[in-house]
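Taking it in order: structure first as structure tokens, then the write-up.
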Amino acid sequence: MPADVPTILATSGGFRASARLQWEVGPLTRYAVDLAGATGRAPRVCFLATACGDDNRVIATFYDNAWREGWAASHLALFPRPNVSDLREHLLAQDLLWVWGGSVAGLLAMWRLHGLDTVIREAWQAGVVLTGVSAGSICWHVGGTTDSFGPALQPVTNGLGLLPWSNGVHYDSEPERRPLFQSLVASGALPPGYATDDGVGLLYRGTELVEALAEHNNVGAYQVEPGPDNTAVETPLDVRRIS
């Protein structure tokens, strides 16, 4: 059963350290699966690791996790060539698309090259829930800050634009993120938007932010808007803890 309205959970988390695996599923991703509303069968979860070049180790760890979670798992790879014959048919058959982090600039370029920008918009409108971390969060928005081009953070402004906002990720863990994001919003280079500390997700129904969620304590989410005299105004949001 698809989500009743287009749904995105954009995060700076959704996974955590694991004693046995490279990483394991975190509460935010489990919550995204629950949002998809699959009943009477295993939820169909498709993993997209485009932003890290379809790293085989990351994809293999996803399958290890999916087996433990009881998901009907698949992945969509674009390197060196697509691994499924009909990208649209495959993605529209899913309950959830989970997008991994890495280069958001590379992700957007590859998705557009293969027409996934159009397909993913169609899937979202059809009720397939979208989630992801870092690059897999920024991509749904107009843009954000990225290290896709080198160690120094730069703006990316050509996101898919499913959401008409900008997005700041890793707001508490990478010191350069916050001031750059604020300056880009203040100058109008990016539209107003929302930022997340690590372990926090933003739940959108349609294009409206309805809730901020955290998978551990003492982390926040923030609305960032232009202020007077080329400044930015940052407003902390209420955050609900999930486990």
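Residue numbers start at 1 in each chain; chains themselves are named A, B, ... in the order of the structure tokens; ligands are numbered from 1 in the order shown.
Residues with any atom within 12 Å of A:Trp67, counting only C-alpha atoms and excluding same-chain neighbours fewer than 2 positions away, are Glu24, Val25, Ala42, Pro43, Arg44, Val45, Ala60, Thr61, Phe62, Tyr63, Asp64, Asn65, Glu69, Gly70, Trp71, Ala72, Ala73 and Ser74 of chain A.
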Output all heavy atoms of each residue in that selection to a file, as a compact mmCIF listing (two decimals), in the first residue's frame.
# COMPACT_ATOMS: atom_id res chain seq x y z
N GLU A 24 24.86 -0.66 10.63
CA GLU A 24 23.56 -1.30 10.71
C GLU A 24 22.46 -0.25 10.64
O GLU A 24 22.69 0.95 10.83
CB GLU A 24 23.43 -2.13 11.98
CG GLU A 24 23.46 -1.36 13.27
CD GLU A 24 23.36 -2.28 14.49
OE1 GLU A 24 24.01 -3.35 14.49
OE2 GLU A 24 22.62 -1.92 15.43
N VAL A 25 21.26 -0.72 10.34
CA VAL A 25 20.10 0.15 10.19
C VAL A 25 19.80 0.86 11.50
O VAL A 25 19.84 0.25 12.58
CB VAL A 25 18.88 -0.67 9.73
CG1 VAL A 25 17.61 0.19 9.71
CG2 VAL A 25 19.13 -1.27 8.36
N ALA A 42 6.53 -8.63 3.29
CA ALA A 42 7.76 -7.89 3.60
C ALA A 42 7.79 -6.59 2.81
O ALA A 42 7.43 -6.56 1.63
CB ALA A 42 8.97 -8.74 3.22
N PRO A 43 8.20 -5.49 3.45
CA PRO A 43 8.31 -4.23 2.72
C PRO A 43 9.39 -4.31 1.64
O PRO A 43 10.46 -4.87 1.87
CB PRO A 43 8.66 -3.21 3.80
CG PRO A 43 9.20 -4.00 4.93
CD PRO A 43 8.53 -5.34 4.87
N ARG A 44 9.08 -3.76 0.49
CA ARG A 44 10.03 -3.74 -0.62
C ARG A 44 10.91 -2.49 -0.51
O ARG A 44 10.43 -1.37 -0.67
CB ARG A 44 9.29 -3.77 -1.96
CG ARG A 44 8.52 -5.07 -2.19
CD ARG A 44 7.91 -5.11 -3.58
NE ARG A 44 6.83 -4.14 -3.72
CZ ARG A 44 5.54 -4.41 -3.55
NH1 ARG A 44 5.15 -5.64 -3.22
NH2 ARG A 44 4.63 -3.46 -3.71
N VAL A 45 12.18 -2.70 -0.24
CA VAL A 45 13.12 -1.60 -0.02
C VAL A 45 14.22 -1.68 -1.08
O VAL A 45 14.90 -2.70 -1.19
CB VAL A 45 13.75 -1.68 1.39
CG1 VAL A 45 14.78 -0.56 1.58
CG2 VAL A 45 12.66 -1.60 2.46
N ALA A 60 26.62 -4.67 -0.26
CA ALA A 60 26.58 -5.97 0.43
C ALA A 60 26.13 -5.80 1.88
O ALA A 60 25.35 -6.62 2.40
CB ALA A 60 27.95 -6.63 0.38
N THR A 61 26.57 -4.72 2.54
CA THR A 61 26.15 -4.48 3.91
C THR A 61 24.66 -4.17 3.98
O THR A 61 23.97 -4.57 4.93
CB THR A 61 26.96 -3.34 4.54
OG1 THR A 61 28.35 -3.66 4.45
CG2 THR A 61 26.60 -3.14 6.00
N PHE A 62 24.16 -3.45 2.98
CA PHE A 62 22.71 -3.23 2.92
C PHE A 62 21.96 -4.56 2.89
O PHE A 62 20.99 -4.75 3.64
CB PHE A 62 22.34 -2.41 1.68
CG PHE A 62 20.90 -2.52 1.31
CD1 PHE A 62 19.91 -1.91 2.08
CD2 PHE A 62 20.50 -3.27 0.20
CE1 PHE A 62 18.56 -2.04 1.76
CE2 PHE A 62 19.16 -3.39 -0.13
CZ PHE A 62 18.19 -2.78 0.64
N TYR A 63 22.39 -5.49 2.07
CA TYR A 63 21.68 -6.78 1.99
C TYR A 63 21.79 -7.56 3.30
O TYR A 63 20.82 -8.22 3.71
CB TYR A 63 22.22 -7.61 0.82
CG TYR A 63 21.61 -7.22 -0.51
CD1 TYR A 63 22.33 -6.47 -1.43
CD2 TYR A 63 20.31 -7.59 -0.84
CE1 TYR A 63 21.77 -6.11 -2.65
CE2 TYR A 63 19.75 -7.24 -2.06
CZ TYR A 63 20.49 -6.50 -2.96
OH TYR A 63 19.93 -6.13 -4.16
N ASP A 64 22.94 -7.50 3.96
CA ASP A 64 23.06 -8.14 5.28
C ASP A 64 22.04 -7.57 6.25
O ASP A 64 21.38 -8.29 7.01
CB ASP A 64 24.47 -7.92 5.85
CG ASP A 64 25.52 -8.79 5.18
OD1 ASP A 64 25.14 -9.79 4.55
OD2 ASP A 64 26.72 -8.45 5.29
N ASN A 65 21.91 -6.23 6.24
CA ASN A 65 20.94 -5.58 7.11
C ASN A 65 19.51 -5.91 6.72
O ASN A 65 18.66 -6.17 7.59
CB ASN A 65 21.14 -4.06 7.06
CG ASN A 65 22.22 -3.58 8.00
OD1 ASN A 65 22.00 -3.48 9.20
ND2 ASN A 65 23.39 -3.28 7.47
N GLU A 69 16.44 -7.37 8.94
CA GLU A 69 15.22 -6.57 9.14
C GLU A 69 13.97 -7.23 8.56
O GLU A 69 12.86 -6.82 8.87
CB GLU A 69 15.40 -5.19 8.49
CG GLU A 69 16.52 -4.34 9.06
CD GLU A 69 16.22 -3.84 10.46
OE1 GLU A 69 15.04 -3.57 10.76
OE2 GLU A 69 17.17 -3.73 11.27
N GLY A 70 14.14 -8.25 7.72
CA GLY A 70 13.00 -8.92 7.11
C GLY A 70 12.42 -8.17 5.92
O GLY A 70 11.22 -8.29 5.62
N TRP A 71 13.26 -7.41 5.22
CA TRP A 71 12.79 -6.68 4.05
C TRP A 71 12.92 -7.51 2.78
O TRP A 71 13.77 -8.40 2.70
CB TRP A 71 13.62 -5.41 3.85
CG TRP A 71 13.61 -4.44 4.98
CD1 TRP A 71 12.69 -4.34 5.99
CD2 TRP A 71 14.58 -3.42 5.23
NE1 TRP A 71 13.02 -3.32 6.84
CE2 TRP A 71 14.17 -2.72 6.41
CE3 TRP A 71 15.75 -3.01 4.59
CZ2 TRP A 71 14.91 -1.66 6.93
CZ3 TRP A 71 16.48 -1.94 5.11
CH2 TRP A 71 16.05 -1.29 6.27
N ALA A 72 12.12 -7.21 1.80
CA ALA A 72 12.31 -7.72 0.44
C ALA A 72 13.23 -6.72 -0.25
O ALA A 72 12.79 -5.66 -0.70
CB ALA A 72 10.98 -7.83 -0.28
N ALA A 73 14.50 -7.04 -0.32
CA ALA A 73 15.53 -6.07 -0.67
C ALA A 73 15.91 -6.14 -2.14
O ALA A 73 15.92 -7.21 -2.76
CB ALA A 73 16.77 -6.28 0.18
N SER A 74 16.25 -4.97 -2.68
CA SER A 74 16.86 -4.88 -4.00
C SER A 74 17.75 -3.65 -4.00
O SER A 74 17.72 -2.83 -3.08
CB SER A 74 15.81 -4.77 -5.10
OG SER A 74 15.09 -3.54 -5.00
**OP:** Among the residues of stretch 54-199 of chain A, find those DSSP assigns to alpha helix (DSSP H) from the backbone and print them as a PyMOL selection string.
**Re:** chain A and resi 56-69+87-92+104-113+116-125+135-138+177-187
Give me, as JSON lines, each residue of stretch 8-37 of chain A that comes within 12 Å of stretch 157-176 of chain A, together with its shortest interatomic pair and the distance in Å at one decimal, counting only C-alpha atoms, with rows ordered by chain and rising residue number.
{"residue": "A:Ile8", "atom": "CA", "partner": "A:Leu163", "partner_atom": "CA", "distance": 9.1}
{"residue": "A:Leu9", "atom": "CA", "partner": "A:Leu163", "partner_atom": "CA", "distance": 11.3}
{"residue": "A:Ala10", "atom": "CA", "partner": "A:Asn167", "partner_atom": "CA", "distance": 8.9}
{"residue": "A:Thr11", "atom": "CA", "partner": "A:Val169", "partner_atom": "CA", "distance": 7.5}
{"residue": "A:Ser12", "atom": "CA", "partner": "A:Val169", "partner_atom": "CA", "distance": 5.7}
{"residue": "A:Gly13", "atom": "CA", "partner": "A:His170", "partner_atom": "CA", "distance": 8.9}
Could you save those same residues with C-alpha atoms as a PDB file, in the first residue's frame?
ATOM      1  CA  ILE A   8      10.160  12.077   2.225  1.00  0.00           C
ATOM      2  CA  LEU A   9      12.281  11.472   5.317  1.00  0.00           C
ATOM      3  CA  ALA A  10      15.515  13.401   4.676  1.00  0.00           C
ATOM      4  CA  THR A  11      18.222  12.648   7.222  1.00  0.00           C
ATOM      5  CA  SER A  12      21.695  13.079   8.561  1.00  0.00           C
ATOM      6  CA  GLY A  13      21.422   9.549   9.938  1.00  0.00           C
TER       7      GLY A  13
END
**OP:** Would you list, as JSON, numbers by chain, the residues of stretch 5-201 of chain A that end up in strand (DSSP E) under DSSP run on this structure's backbone?
**Re:** {"A": [7, 8, 9, 10, 11, 15, 16, 24, 25, 44, 45, 46, 47, 48, 72, 73, 74, 75, 96, 97, 98, 99, 129, 130, 131, 132, 133, 143, 144, 145, 146, 154, 155, 156, 166, 167, 168, 193, 194, 195, 196, 200, 201]}
